[in-house]
$ cat structure_1.csv   # CSV, C-alpha atoms
chain,number,residue,atom,x,y,z
A,1,MET,CA,0.0,0.0,0.0
A,2,PRO,CA,1.7,3.3,-1.0
A,3,PHE,CA,1.8,6.3,1.2
A,4,PHE,CA,0.0,8.2,-1.6
A,5,THR,CA,-1.7,7.4,-4.9
A,6,GLN,CA,-4.2,9.2,-7.2
A,7,ALA,CA,-4.7,6.3,-9.6
A,8,ARG,CA,-8.4,5.9,-9.0
A,9,THR,CA,-9.0,9.6,-9.0
A,10,PHE,CA,-7.3,10.0,-12.4
A,11,ASP,CA,-9.2,7.1,-13.8
A,12,GLN,CA,-12.5,8.9,-12.9
A,13,LEU,CA,-11.3,12.4,-14.0
A,14,TRP,CA,-9.5,11.5,-17.1
A,15,PRO,CA,-12.3,12.5,-19.5
A,16,GLN,CA,-12.3,16.0,-18.0
A,17,ILE,CA,-8.6,16.2,-17.9
A,18,SER,CA,-8.0,15.0,-21.4
A,19,ALA,CA,-10.6,17.4,-22.8
A,20,ARG,CA,-8.8,20.3,-21.1
A,21,VAL,CA,-5.4,19.1,-22.3
A,22,GLU,CA,-6.7,18.9,-25.9
A,23,GLU,CA,-7.8,22.6,-25.5
A,24,VAL,CA,-4.2,23.4,-24.6
A,25,PHE,CA,-2.8,21.7,-27.7
A,26,ASP,CA,-5.5,23.2,-29.9
A,27,ASN,CA,-4.7,26.7,-28.6
A,28,GLY,CA,-1.0,26.2,-28.9
A,29,LYS,CA,0.0,28.2,-25.8
A,30,PHE,CA,1.5,25.8,-23.2
A,31,SER,CA,2.5,28.3,-20.5
A,32,HIS,CA,0.7,31.2,-18.9
A,33,GLY,CA,-2.3,30.8,-21.2
A,34,ARG,CA,-6.1,30.4,-21.0
A,35,GLN,CA,-6.1,27.5,-18.6
A,36,VAL,CA,-3.8,29.3,-16.2
A,37,ALA,CA,-6.0,32.5,-16.4
A,38,GLU,CA,-9.1,30.4,-15.7
A,39,LEU,CA,-7.4,28.7,-12.8
A,40,GLU,CA,-6.4,32.0,-11.2
A,41,ARG,CA,-10.1,33.1,-11.4
A,42,ARG,CA,-11.3,29.9,-9.9
A,43,LEU,CA,-8.8,29.9,-7.1
A,44,ALA,CA,-9.7,33.5,-6.2
A,45,ASP,CA,-13.4,32.5,-6.1
A,46,TYR,CA,-12.7,29.5,-4.0
A,47,THR,CA,-10.5,31.1,-1.4
A,48,GLY,CA,-12.1,34.6,-1.4
A,49,ALA,CA,-8.8,36.2,-2.4
A,50,ARG,CA,-8.9,39.3,-4.4
A,51,PHE,CA,-6.0,38.0,-6.5
A,52,ALA,CA,-4.6,34.5,-7.2
A,53,VAL,CA,-1.3,34.5,-9.2
A,54,ALA,CA,-0.3,31.1,-10.6
A,55,VAL,CA,3.4,30.2,-10.5
A,56,ASN,CA,5.4,27.0,-11.1
A,57,SER,CA,5.9,25.8,-7.5
A,58,GLY,CA,5.0,26.5,-3.9
A,59,THR,CA,8.6,27.4,-3.2
A,60,ASP,CA,8.7,30.0,-5.9
A,61,ALA,CA,5.4,31.4,-4.6
A,62,LEU,CA,7.1,32.0,-1.2
A,63,VAL,CA,10.2,33.6,-2.7
A,64,LEU,CA,8.2,35.9,-5.0
A,65,LEU,CA,5.7,36.8,-2.2
A,66,LEU,CA,8.6,37.8,0.1
A,67,ARG,CA,10.1,39.9,-2.6
A,68,ALA,CA,6.8,41.5,-3.6
A,69,ALA,CA,6.1,42.2,0.1
A,70,GLY,CA,9.3,44.4,0.3
A,71,LEU,CA,11.9,42.1,1.9
A,72,GLN,CA,15.3,43.7,1.7
A,73,PRO,CA,18.7,42.1,2.0
A,74,GLY,CA,19.4,41.3,5.7
A,75,ASP,CA,15.8,41.7,6.8
A,76,GLU,CA,14.9,39.0,9.4
A,77,VAL,CA,11.9,36.8,9.1
A,78,VAL,CA,10.5,34.8,12.0
A,79,VAL,CA,9.8,31.2,10.9
A,80,PRO,CA,9.0,28.0,12.7
A,81,ALA,CA,11.8,25.6,13.6
A,82,TYR,CA,9.6,22.7,12.4
A,83,SER,CA,8.4,22.8,8.8
A,84,PHE,CA,9.4,21.8,5.4
A,85,VAL,CA,12.7,23.3,4.6
A,86,SER,CA,11.4,25.7,1.9
A,87,THR,CA,9.7,27.8,4.7
A,88,ALA,CA,13.1,29.0,5.7
A,89,THR,CA,15.2,28.6,2.5
A,90,SER,CA,12.7,30.8,0.6
A,91,VAL,CA,13.7,33.6,3.0
A,92,VAL,CA,17.3,33.1,2.1
A,93,LEU,CA,16.6,32.9,-1.6
A,94,ALA,CA,14.7,36.2,-1.3
A,95,GLY,CA,17.6,37.9,0.4
A,96,GLY,CA,16.6,37.7,4.0
A,97,ARG,CA,17.7,35.9,7.2
A,98,PRO,CA,15.4,33.3,8.9
A,99,VAL,CA,15.0,33.6,12.7
A,100,PHE,CA,13.8,30.4,14.1
A,101,ALA,CA,11.1,30.0,16.8
A,102,ASP,CA,9.5,27.1,18.5
A,103,ILE,CA,6.1,25.6,17.7
A,104,ASP,CA,2.8,25.0,19.4
A,105,PRO,CA,2.8,21.2,20.1
A,106,VAL,CA,-0.8,20.8,19.2
A,107,THR,CA,-1.0,22.7,15.9
A,108,TYR,CA,2.7,22.1,15.0
A,109,ALA,CA,2.7,25.8,13.8
A,110,LEU,CA,4.6,28.8,15.0
A,111,ASP,CA,3.8,29.5,18.7
A,112,PRO,CA,2.6,33.1,18.9
A,113,SER,CA,4.4,33.7,22.2
A,114,GLU,CA,7.7,33.0,20.5
A,115,VAL,CA,7.4,36.2,18.4
A,116,ASP,CA,7.9,38.3,21.4
A,117,ARG,CA,11.0,36.2,22.4
A,118,VAL,CA,12.9,36.2,19.1
A,119,ALA,CA,11.9,39.4,17.3
A,120,GLY,CA,14.7,42.0,17.2
A,121,THR,CA,15.6,45.3,15.7
A,122,HIS,CA,16.2,43.9,12.2
A,123,THR,CA,13.0,41.7,12.2
A,124,ARG,CA,10.5,42.8,9.5
A,125,PHE,CA,8.2,39.8,8.8
A,126,VAL,CA,6.7,36.8,10.5
A,127,LEU,CA,6.0,33.7,8.4
A,128,PRO,CA,4.0,31.0,10.0
A,129,ALA,CA,3.5,27.6,8.2
A,130,HIS,CA,0.1,25.9,8.4
A,131,LEU,CA,0.9,22.2,8.7
A,132,PHE,CA,-0.9,18.8,8.3
A,133,CYS,CA,-4.5,19.6,9.2
A,134,GLN,CA,-4.9,23.1,10.7
A,135,MET,CA,-3.7,26.7,10.6
A,136,ALA,CA,-1.5,28.5,13.0
A,137,GLN,CA,-3.4,30.7,15.5
A,138,MET,CA,-3.6,33.7,13.3
A,139,SER,CA,-5.3,36.1,15.6
A,140,ALA,CA,-2.7,35.7,18.3
A,141,LEU,CA,0.1,35.8,15.7
A,142,SER,CA,-1.3,39.0,14.2
A,143,ARG,CA,-1.4,40.6,17.6
A,144,ALA,CA,2.2,39.6,18.3
A,145,ALA,CA,3.3,40.9,14.9
A,146,ALA,CA,1.6,44.2,15.5
A,147,ARG,CA,3.4,44.7,18.8
A,148,HIS,CA,6.7,44.6,16.9
A,149,GLY,CA,5.6,46.3,13.7
A,150,LEU,CA,6.0,43.1,11.6
A,151,THR,CA,4.3,42.2,8.4
A,152,VAL,CA,2.5,38.9,8.4
A,153,LEU,CA,2.9,36.5,5.5
A,154,GLU,CA,1.7,32.9,5.4
A,155,ASP,CA,3.3,29.7,4.2
A,156,SER,CA,-0.1,28.2,3.5
A,157,ALA,CA,1.3,25.8,0.9
A,158,GLU,CA,-0.6,22.8,2.5
A,159,ALA,CA,-3.7,24.7,3.5
A,160,ILE,CA,-6.1,24.9,0.6
A,161,GLY,CA,-9.6,24.8,2.1
A,162,MET,CA,-8.5,25.7,5.6
A,163,ARG,CA,-10.2,28.7,7.2
A,164,GLN,CA,-10.2,30.6,10.4
A,165,VAL,CA,-13.0,32.9,11.4
A,166,GLY,CA,-14.3,32.7,7.8
A,167,VAL,CA,-11.0,33.8,6.2
A,168,HIS,CA,-9.1,31.4,4.0
A,169,ALA,CA,-5.5,30.5,4.8
A,170,GLY,CA,-3.1,32.9,3.2
A,171,LEU,CA,-5.4,35.9,3.6
A,172,HIS,CA,-4.9,36.8,7.3
A,173,GLY,CA,-1.9,39.0,6.5
A,174,LEU,CA,-0.4,40.6,3.4
A,175,GLY,CA,-0.5,37.3,1.4
A,176,GLY,CA,0.1,33.6,1.4
A,177,VAL,CA,0.8,30.8,-1.0
A,178,LEU,CA,-0.5,27.5,-2.2
A,179,SER,CA,1.4,24.4,-3.4
A,180,PHE,CA,0.0,22.0,-5.9
A,181,PHE,CA,2.7,19.3,-5.5
A,182,PRO,CA,1.0,16.0,-6.5
A,183,THR,CA,0.5,14.8,-2.9
A,184,LYS,CA,-1.3,18.0,-1.8
A,185,THR,CA,-5.0,18.2,-1.1
A,186,LEU,CA,-5.3,19.8,-4.6
A,187,GLY,CA,-2.4,18.3,-6.5
A,188,ALA,CA,-1.1,18.6,-10.1
A,189,LEU,CA,0.9,16.1,-12.1
A,190,GLY,CA,4.1,17.9,-11.2
A,191,ASP,CA,5.1,21.1,-9.5
A,192,ALA,CA,2.8,24.1,-9.4
A,193,GLY,CA,1.9,26.9,-7.0
A,194,ALA,CA,0.1,30.2,-6.5
A,195,VAL,CA,0.3,33.4,-4.5
A,196,LEU,CA,-2.9,34.6,-2.7
A,197,THR,CA,-3.3,38.2,-1.7
A,198,ASP,CA,-5.9,41.0,-1.4
A,199,ASP,CA,-3.2,43.6,-2.1
A,200,ALA,CA,-3.1,44.8,-5.7
A,201,ARG,CA,0.5,46.0,-5.6
A,202,VAL,CA,1.7,42.6,-4.3
A,203,ALA,CA,-0.3,40.8,-7.0
A,204,GLU,CA,1.1,43.1,-9.7
A,205,LEU,CA,4.7,42.5,-8.5
A,206,VAL,CA,4.4,38.8,-8.3
A,207,SER,CA,2.8,38.7,-11.8
A,208,GLY,CA,5.8,40.5,-13.3
A,209,LEU,CA,8.5,38.8,-11.2
A,210,ARG,CA,7.3,35.3,-12.3
A,211,HIS,CA,8.0,36.4,-15.9
A,212,HIS,CA,11.6,37.7,-15.7
A,213,GLY,CA,10.3,41.1,-14.3
A,214,ARG,CA,8.5,41.8,-17.5
A,215,PHE,CA,5.4,43.7,-16.5
A,216,GLY,CA,3.9,45.5,-19.5
A,217,ARG,CA,2.9,42.5,-21.6
A,218,THR,CA,1.9,39.9,-19.0
A,219,VAL,CA,-0.4,41.5,-16.4
A,220,ASP,CA,-3.5,42.7,-18.1
A,221,ASN,CA,-5.5,42.3,-14.9
A,222,PHE,CA,-3.0,44.5,-13.0
A,223,PRO,CA,-2.4,47.8,-14.9
A,224,GLY,CA,0.0,50.3,-13.5
A,225,ILE,CA,3.5,49.3,-14.5
A,226,SER,CA,4.3,49.7,-18.2
A,227,THR,CA,8.0,49.2,-18.3
A,228,GLU,CA,9.0,46.0,-20.2
A,229,THR,CA,11.6,44.7,-17.7
A,230,ALA,CA,11.4,46.8,-14.6
A,231,LEU,CA,12.9,44.3,-12.1
A,232,VAL,CA,15.1,41.3,-12.1
A,233,GLY,CA,12.7,38.4,-12.0
A,234,THR,CA,12.7,34.7,-12.8
A,235,ASN,CA,10.9,32.2,-15.0
A,236,SER,CA,8.2,30.9,-12.8
A,237,LYS,CA,5.1,30.7,-15.0
A,238,MET,CA,2.7,27.9,-14.5
A,239,ASP,CA,2.3,25.4,-17.4
A,240,ASP,CA,-1.2,25.2,-18.9
A,241,ILE,CA,-1.1,21.4,-18.7
A,242,GLN,CA,-0.8,21.6,-14.9
A,243,ALA,CA,-3.6,24.2,-14.8
A,244,ALA,CA,-5.8,21.9,-16.9
A,245,VAL,CA,-5.3,19.1,-14.3
A,246,LEU,CA,-6.0,21.4,-11.4
A,247,LEU,CA,-9.1,22.8,-12.9
A,248,ALA,CA,-10.5,19.3,-13.4
A,249,LYS,CA,-9.7,18.3,-9.8
A,250,LEU,CA,-10.9,21.6,-8.4
A,251,ASN,CA,-14.5,20.5,-9.2
A,252,ARG,CA,-14.3,17.7,-6.6
A,253,LEU,CA,-12.1,19.5,-4.0
A,254,ASP,CA,-14.8,19.8,-1.4
A,255,ASP,CA,-15.8,16.2,-1.8
A,256,ASP,CA,-12.1,15.2,-1.4
A,257,ILE,CA,-11.8,17.3,1.7
A,258,ALA,CA,-14.9,15.6,3.2
A,259,ARG,CA,-13.5,12.2,2.4
A,260,ARG,CA,-10.2,13.0,4.1
A,261,ALA,CA,-12.2,14.1,7.2
A,262,ARG,CA,-14.0,10.8,7.3
A,263,LEU,CA,-10.8,8.9,7.0
A,264,ALA,CA,-9.2,10.9,9.7
A,265,ALA,CA,-12.1,10.2,12.0
A,266,ALA,CA,-11.7,6.5,11.3
A,267,TYR,CA,-8.1,6.7,12.2
A,268,ARG,CA,-8.8,8.4,15.5
A,269,GLU,CA,-11.4,5.8,16.4
A,270,ARG,CA,-9.1,2.9,15.7
A,271,LEU,CA,-5.9,4.3,17.1
A,272,SER,CA,-7.1,6.0,20.3
A,273,GLY,CA,-5.7,4.5,23.5
A,274,LEU,CA,-3.0,2.4,21.9
A,275,PRO,CA,0.1,2.1,24.1
A,276,GLY,CA,3.1,4.1,22.8
A,277,ILE,CA,1.1,6.6,20.8
A,278,VAL,CA,2.1,10.0,22.2
A,279,ALA,CA,-0.4,12.1,20.2
A,280,LEU,CA,-3.1,11.9,17.6
A,281,PRO,CA,-4.2,15.0,15.7
A,282,ARG,CA,-6.3,17.4,17.8
A,283,VAL,CA,-8.0,20.3,16.0
A,284,VAL,CA,-8.0,23.5,18.0
A,285,ASP,CA,-11.4,25.3,18.1
A,286,SER,CA,-10.7,28.7,16.5
A,287,GLY,CA,-14.3,29.9,16.5
A,288,PRO,CA,-17.1,30.1,14.0
A,289,GLY,CA,-16.2,30.0,10.4
A,290,SER,CA,-13.1,27.9,11.1
A,291,GLY,CA,-12.3,24.6,9.5
A,292,ALA,CA,-9.6,22.0,9.4
A,293,VAL,CA,-8.5,20.1,6.3
A,294,PHE,CA,-6.6,16.8,6.7
A,295,TYR,CA,-3.8,17.0,4.2
A,296,VAL,CA,-1.8,14.6,6.3
A,297,TYR,CA,-2.7,12.3,9.2
A,298,LEU,CA,0.2,12.7,11.6
A,299,ILE,CA,0.7,10.7,14.8
A,300,GLU,CA,3.5,10.9,17.3
A,301,VAL,CA,4.7,7.6,18.5
A,302,GLU,CA,7.5,6.1,20.6
A,303,GLY,CA,9.9,4.1,18.6
A,304,ARG,CA,9.0,5.9,15.4
A,305,ASP,CA,11.7,4.4,13.3
A,306,ASP,CA,11.0,0.9,14.5
A,307,LEU,CA,7.3,1.4,13.5
A,308,ILE,CA,8.3,2.6,10.1
A,309,ALA,CA,10.3,-0.6,9.6
A,310,HIS,CA,7.4,-2.7,10.9
A,311,LEU,CA,5.0,-1.1,8.5
A,312,THR,CA,7.4,-1.3,5.6
A,313,GLU,CA,7.8,-5.0,6.1
A,314,ARG,CA,4.0,-5.3,5.7
A,315,GLY,CA,4.0,-3.2,2.5
A,316,ILE,CA,2.6,-0.1,4.1
A,317,GLY,CA,4.1,3.3,3.0
A,318,THR,CA,4.7,6.1,5.5
A,319,GLU,CA,6.4,9.5,5.5
A,320,THR,CA,8.3,11.3,8.2
A,321,TYR,CA,7.6,15.1,8.6
A,322,ASP,CA,10.2,16.4,9.1
A,323,PRO,CA,12.9,14.3,10.8
A,324,VAL,CA,15.5,17.1,11.1
A,325,PRO,CA,14.2,20.4,12.5
A,326,LEU,CA,15.1,23.4,10.5
A,327,HIS,CA,17.5,25.0,13.0
A,328,LEU,CA,19.6,21.8,12.8
A,329,GLN,CA,19.7,21.5,9.0
A,330,PRO,CA,23.3,21.7,7.7
A,331,CYS,CA,22.3,24.6,5.4
A,332,PHE,CA,21.6,26.7,8.5
A,333,ARG,CA,24.7,25.7,10.4
A,334,GLU,CA,26.1,29.3,10.3
A,335,LEU,CA,23.2,30.5,12.4
A,336,GLY,CA,24.8,28.7,15.3
A,337,HIS,CA,21.9,26.6,16.8
A,338,ARG,CA,22.3,23.5,18.8
A,339,PRO,CA,20.1,20.6,19.9
A,340,GLY,CA,17.8,21.7,22.7
A,341,ASP,CA,17.3,25.3,21.4
A,342,PHE,CA,13.7,24.5,20.3
A,343,PRO,CA,12.6,21.5,22.3
A,344,ARG,CA,9.0,21.2,21.0
A,345,ALA,CA,10.2,21.3,17.4
A,346,GLU,CA,12.8,18.7,18.1
A,347,ALA,CA,10.3,16.4,19.9
A,348,ALA,CA,8.0,16.5,16.9
A,349,ALA,CA,10.8,15.8,14.5
A,350,GLU,CA,11.8,12.7,16.5
A,351,ARG,CA,8.3,11.2,17.0
A,352,ALA,CA,6.1,12.3,14.1
A,353,LEU,CA,4.9,9.9,11.4
A,354,ALA,CA,2.4,10.3,8.7
A,355,LEU,CA,0.1,7.4,7.8
A,356,PRO,CA,-1.5,7.0,4.4
A,357,LEU,CA,-4.4,9.5,3.9
A,358,TYR,CA,-5.8,10.4,0.5
A,359,PRO,CA,-9.3,10.2,-1.2
A,360,ASP,CA,-8.5,6.9,-3.0
A,361,LEU,CA,-7.8,5.1,0.3
A,362,SER,CA,-10.5,2.6,1.3
A,363,ILE,CA,-11.7,1.8,4.8
A,364,ARG,CA,-10.4,-1.7,4.3
A,365,GLU,CA,-6.9,-0.4,3.5
A,366,LEU,CA,-7.1,2.0,6.5
A,367,ASP,CA,-8.1,-1.0,8.7
A,368,ARG,CA,-5.0,-2.8,7.5
A,369,VAL,CA,-2.8,0.2,8.5
A,370,CYS,CA,-4.4,0.4,11.9
A,371,ALA,CA,-4.1,-3.3,12.5
A,372,ALA,CA,-0.4,-3.2,11.8
A,373,VAL,CA,0.1,-0.1,14.0
A,374,SER,CA,-1.8,-1.8,16.8
A,375,GLU,CA,0.3,-5.0,16.4
A,376,PHE,CA,3.5,-2.9,16.8
A,377,CYS,CA,2.3,-0.9,19.8
A,378,THR,CA,0.9,-3.9,21.7
A,379,ALA,CA,4.1,-6.0,21.1
A,380,ARG,CA,6.3,-3.1,22.1
A,381,SER,CA,4.4,-2.4,25.4
A,382,ALA,CA,4.7,-6.1,26.3
A,383,ARG,CA,8.5,-6.1,26.3

$ encode --input "structure_1.csv" --output "structure tokens"
Amino acid sequence: MPFFTQARTFDQLWPQISARVEEVFDNGKFSHGRQVAELERRLADYTGARFAVAVNSGTDALVLLLRAAGLQPGDEVVVPAYSFVSTATSVVLAGGRPVFADIDPVTYALDPSEVDRVAGTHTRFVLPAHLFCQMAQMSALSRAAARHGLTVLEDSAEAIGMRQVGVHAGLHGLGGVLSFFPTKTLGALGDAGAVLTDDARVAELVSGLRHHGRFGRTVDNFPGISTETALVGTNSKMDDIQAAVLLAKLNRLDDDIARRARLAAAYRERLSGLPGIVALPRVVDSGPGSGAVFYVYLIEVEGRDDLIAHLTERGIGTETYDPVPLHLQPCFRELGHRPGDFPRAEAAAERALALPLYPDLSIRELDRVCAAVSEFCTARSAR
């Protein structure tokens, strides 16, 4: 059983996908064309964003958002010590310096109280990452940012469909991002991403920066800059083939989210109370208009690596998120952090394990996973 597959989904959606792909070939524009423009409109409608700007990956979306938001060389950005590495490397790629902070052990997101502890005179932004099934506590983070005069951006790459107090992820500050990597809740056939913002200037800048800084010819929806190449940009346009796939899948996104929620509830029912399981996902009540989306079903378990081996022997795929916390990654060695600096992030990195969770997963397959986990936990506790 793989950790992730979309085989049955693509079998069902192939007529819609193939029809859209044929449109791309008939039109003859394979990048930044009609399908991309339609996807941008549909994403804006779905999320409630004033602007959705399609790019070629979630990482590029973060880099371009940071640049468009005004990050200057040497500016500090508060980021969580536990996340996918691009949360922090995007800051470096945009010219800034990441400042790590510990996480809330329930949401796995940046702990709002940490902003007061780590913000300094050169800190300009705070960049929480919404992970696994729920958002960071954005009201508290926004208040903490305001105390220090920081701009809030969101690494909402995993968070399509997540909302807090009625506001979609990525829209609680100046802007956020989406990733459409194939395993995501809304996944393409390869890399793709988007920037979400309500700020016209940010949208305009991202639109030009994704096309080598060429503004005049490429941003009909964002008039204002007419210079051909006003800034040094990059090539980060989305392919229309990926947009075609995403448009077909967007039609069933809410159904897929509901299916993921049912599978997560089944996991909780079957795994609750097993010896050795330190934590199961617990969604924080953020008030009316808030909603979780189970992108990943993450458990914390004693003997995590032994459990991985046990499940692998039984043909069950898993994923570790993320086994080395960001402050201990070799690429950030120059920042001088040591083990113990961010204990909650380090504990999650040591114990966290993601189990298979995707709309194609059947209850029978889920039962097989849970039986294998139960077998491991019971045998380990009897030693």

$ closest_residue --input "structure_1.csv" --among "A:Pro182, A:Gly273, A:Pro325, A:Gly303" --to "Phe10 of chain A" --atoms "all atoms listed in the file"
A:Pro182

$ atom_distance --input "structure_1.csv" --atom1 "atom CA of Leu298 of chain A" --atom2 "atom CA of Pro105 of chain A"
12.3 Å

$ residues_around --input "structure_1.csv" --residues "segment 275-291 of chain A" --least-positions-apart "5" --cutoff "10 Å" --atoms "all atoms listed in the file" --output "PyMOL selection string"
chain A and resi 105-108+132-139+161-168+264-265+267-268+296-304+351-352+373-374+376-382

$ residues_around --input "structure_1.csv" --residues "segment 310-319 of chain A" --least-positions-apart "3" --cutoff "8 Å" --atoms "all atoms listed in the file" --output "JSON, numbers by chain"
{"A": [1, 2, 3, 4, 306, 307, 353, 354, 355, 356, 369, 372, 373, 376]}

$ closest_atom_pairs --input "structure_1.csv" --of "segment 70-111 of chain A" --to "segment 51-65 of chain A" --cutoff "9 Å" --atoms "all atoms listed in the file" --output "Markdown table"
| residue | atom | partner | partner_atom | distance |
| --- | --- | --- | --- | --- |
| A:Gly70 | CA | A:Leu65 | CA | 8.8 |
| A:Ser86 | CA | A:Thr59 | CA | 6.1 |
| A:Thr87 | CA | A:Leu62 | CA | 7.7 |
| A:Thr89 | CA | A:Val63 | CA | 8.8 |
| A:Ser90 | CA | A:Val63 | CA | 5.0 |
| A:Val91 | CA | A:Val63 | CA | 6.7 |
| A:Val92 | CA | A:Val63 | CA | 8.6 |
| A:Leu93 | CA | A:Val63 | CA | 6.5 |
| A:Ala94 | CA | A:Val63 | CA | 5.4 |

$ atom_distance --input "structure_1.csv" --atom1 "atom CA of Gln12 of chain A" --atom2 "atom CA of Asp256 of chain A"
13.1 Å

$ closest_residue --input "structure_1.csv" --among "A:Lys237, A:His172, A:Arg124, A:Lys249" --to "His212 of chain A" --atoms "only C-alpha atoms"
A:Lys237

$ residues_near_point --input "structure_1.csv" --point "(9.5, 39.8, -2.3)" --cutoff "12 Å" --atoms "only C-alpha atoms" --output "PDB file with C-alpha atoms, in the frame of the given file"
ATOM      1  CA  ASP A  60       8.700  30.000  -5.900  1.00  0.00           C
ATOM      2  CA  ALA A  61       5.400  31.400  -4.600  1.00  0.00           C
ATOM      3  CA  LEU A  62       7.100  32.000  -1.200  1.00  0.00           C
ATOM      4  CA  VAL A  63      10.200  33.600  -2.700  1.00  0.00           C
ATOM      5  CA  LEU A  64       8.200  35.900  -5.000  1.00  0.00           C
ATOM      6  CA  LEU A  65       5.700  36.800  -2.200  1.00  0.00           C
ATOM      7  CA  LEU A  66       8.600  37.800   0.100  1.00  0.00           C
ATOM      8  CA  ARG A  67      10.100  39.900  -2.600  1.00  0.00           C
ATOM      9  CA  ALA A  68       6.800  41.500  -3.600  1.00  0.00           C
ATOM     10  CA  ALA A  69       6.100  42.200   0.100  1.00  0.00           C
ATOM     11  CA  GLY A  70       9.300  44.400   0.300  1.00  0.00           C
ATOM     12  CA  LEU A  71      11.900  42.100   1.900  1.00  0.00           C
ATOM     13  CA  GLN A  72      15.300  43.700   1.700  1.00  0.00           C
ATOM     14  CA  PRO A  73      18.700  42.100   2.000  1.00  0.00           C
ATOM     15  CA  ASP A  75      15.800  41.700   6.800  1.00  0.00           C
ATOM     16  CA  SER A  90      12.700  30.800   0.600  1.00  0.00           C
ATOM     17  CA  VAL A  91      13.700  33.600   3.000  1.00  0.00           C
ATOM     18  CA  VAL A  92      17.300  33.100   2.100  1.00  0.00           C
ATOM     19  CA  LEU A  93      16.600  32.900  -1.600  1.00  0.00           C
ATOM     20  CA  ALA A  94      14.700  36.200  -1.300  1.00  0.00           C
ATOM     21  CA  GLY A  95      17.600  37.900   0.400  1.00  0.00           C
ATOM     22  CA  GLY A  96      16.600  37.700   4.000  1.00  0.00           C
ATOM     23  CA  PHE A 125       8.200  39.800   8.800  1.00  0.00           C
ATOM     24  CA  LEU A 153       2.900  36.500   5.500  1.00  0.00           C
ATOM     25  CA  LEU A 174      -0.400  40.600   3.400  1.00  0.00           C
ATOM     26  CA  GLY A 175      -0.500  37.300   1.400  1.00  0.00           C
ATOM     27  CA  GLY A 176       0.100  33.600   1.400  1.00  0.00           C
ATOM     28  CA  VAL A 195       0.300  33.400  -4.500  1.00  0.00           C
ATOM     29  CA  ARG A 201       0.500  46.000  -5.600  1.00  0.00           C
ATOM     30  CA  VAL A 202       1.700  42.600  -4.300  1.00  0.00           C
ATOM     31  CA  ALA A 203      -0.300  40.800  -7.000  1.00  0.00           C
ATOM     32  CA  GLU A 204       1.100  43.100  -9.700  1.00  0.00           C
ATOM     33  CA  LEU A 205       4.700  42.500  -8.500  1.00  0.00           C
ATOM     34  CA  VAL A 206       4.400  38.800  -8.300  1.00  0.00           C
ATOM     35  CA  SER A 207       2.800  38.700 -11.800  1.00  0.00           C
ATOM     36  CA  GLY A 208       5.800  40.500 -13.300  1.00  0.00           C
ATOM     37  CA  LEU A 209       8.500  38.800 -11.200  1.00  0.00           C
ATOM     38  CA  ARG A 210       7.300  35.300 -12.300  1.00  0.00           C
ATOM     39  CA  LEU A 231      12.900  44.300 -12.100  1.00  0.00           C
ATOM     40  CA  VAL A 232      15.100  41.300 -12.100  1.00  0.00           C
ATOM     41  CA  GLY A 233      12.700  38.400 -12.000  1.00  0.00           C
TER      42      GLY A 233
END

$ atom_distance --input "structure_1.csv" --atom1 "atom CA of Arg8 of chain A" --atom2 "atom CA of Asn251 of chain A"
15.8 Å

$ closest_residue --input "structure_1.csv" --among "A:Leu189, A:Ala348, A:Leu366, A:Ile241" --to "Gln6 of chain A" --atoms "all atoms listed in the file"
A:Leu189

$ residues_around --input "structure_1.csv" --residues "Gln242 of chain A" --least-positions-apart "6" --cutoff "10 Å" --atoms "all atoms listed in the file" --output "ChimeraX atom specification"
/A:17,21,30-31,35-36,39,56,180,187-193

$ closest_residue --input "structure_1.csv" --among "A:Leu171, A:Lys184, A:Arg117, A:Glu346" --to "Leu246 of chain A" --atoms "only C-alpha atoms"
A:Lys184

$ build_atoms --input "structure_1.csv" --residues "segment 128-135 of chain A" --atoms "N, CA and C atoms" --output "mmCIF file, keeping the file's coordinate frame"
data_model
loop_
_atom_site.group_PDB
_atom_site.id
_atom_site.type_symbol
_atom_site.label_atom_id
_atom_site.label_comp_id
_atom_site.auth_asym_id
_atom_site.auth_seq_id
_atom_site.Cartn_x
_atom_site.Cartn_y
_atom_site.Cartn_z
ATOM 1 N N PRO A 128 4.391 32.255 9.522
ATOM 2 C CA PRO A 128 4.000 31.000 10.000
ATOM 3 C C PRO A 128 3.688 29.984 8.905
ATOM 4 N N ALA A 129 3.823 28.691 9.202
ATOM 5 C CA ALA A 129 3.500 27.600 8.200
ATOM 6 C C ALA A 129 2.314 26.834 8.797
ATOM 7 N N HIS A 130 1.270 26.689 8.002
ATOM 8 C CA HIS A 130 0.100 25.900 8.400
ATOM 9 C C HIS A 130 0.365 24.450 7.965
ATOM 10 N N LEU A 131 0.405 23.551 8.933
ATOM 11 C CA LEU A 131 0.900 22.200 8.700
ATOM 12 C C LEU A 131 -0.203 21.137 8.953
ATOM 13 N N PHE A 132 -0.248 20.133 8.101
ATOM 14 C CA PHE A 132 -0.900 18.800 8.300
ATOM 15 C C PHE A 132 -2.417 18.896 8.283
ATOM 16 N N CYS A 133 -3.065 19.601 9.213
ATOM 17 C CA CYS A 133 -4.500 19.600 9.200
ATOM 18 C C CYS A 133 -5.136 20.938 9.620
ATOM 19 N N GLN A 134 -4.341 21.852 10.138
ATOM 20 C CA GLN A 134 -4.900 23.100 10.700
ATOM 21 C C GLN A 134 -3.947 24.242 10.585
ATOM 22 N N MET A 135 -4.505 25.439 10.730
ATOM 23 C CA MET A 135 -3.700 26.700 10.600
ATOM 24 C C MET A 135 -3.073 27.018 11.953
#
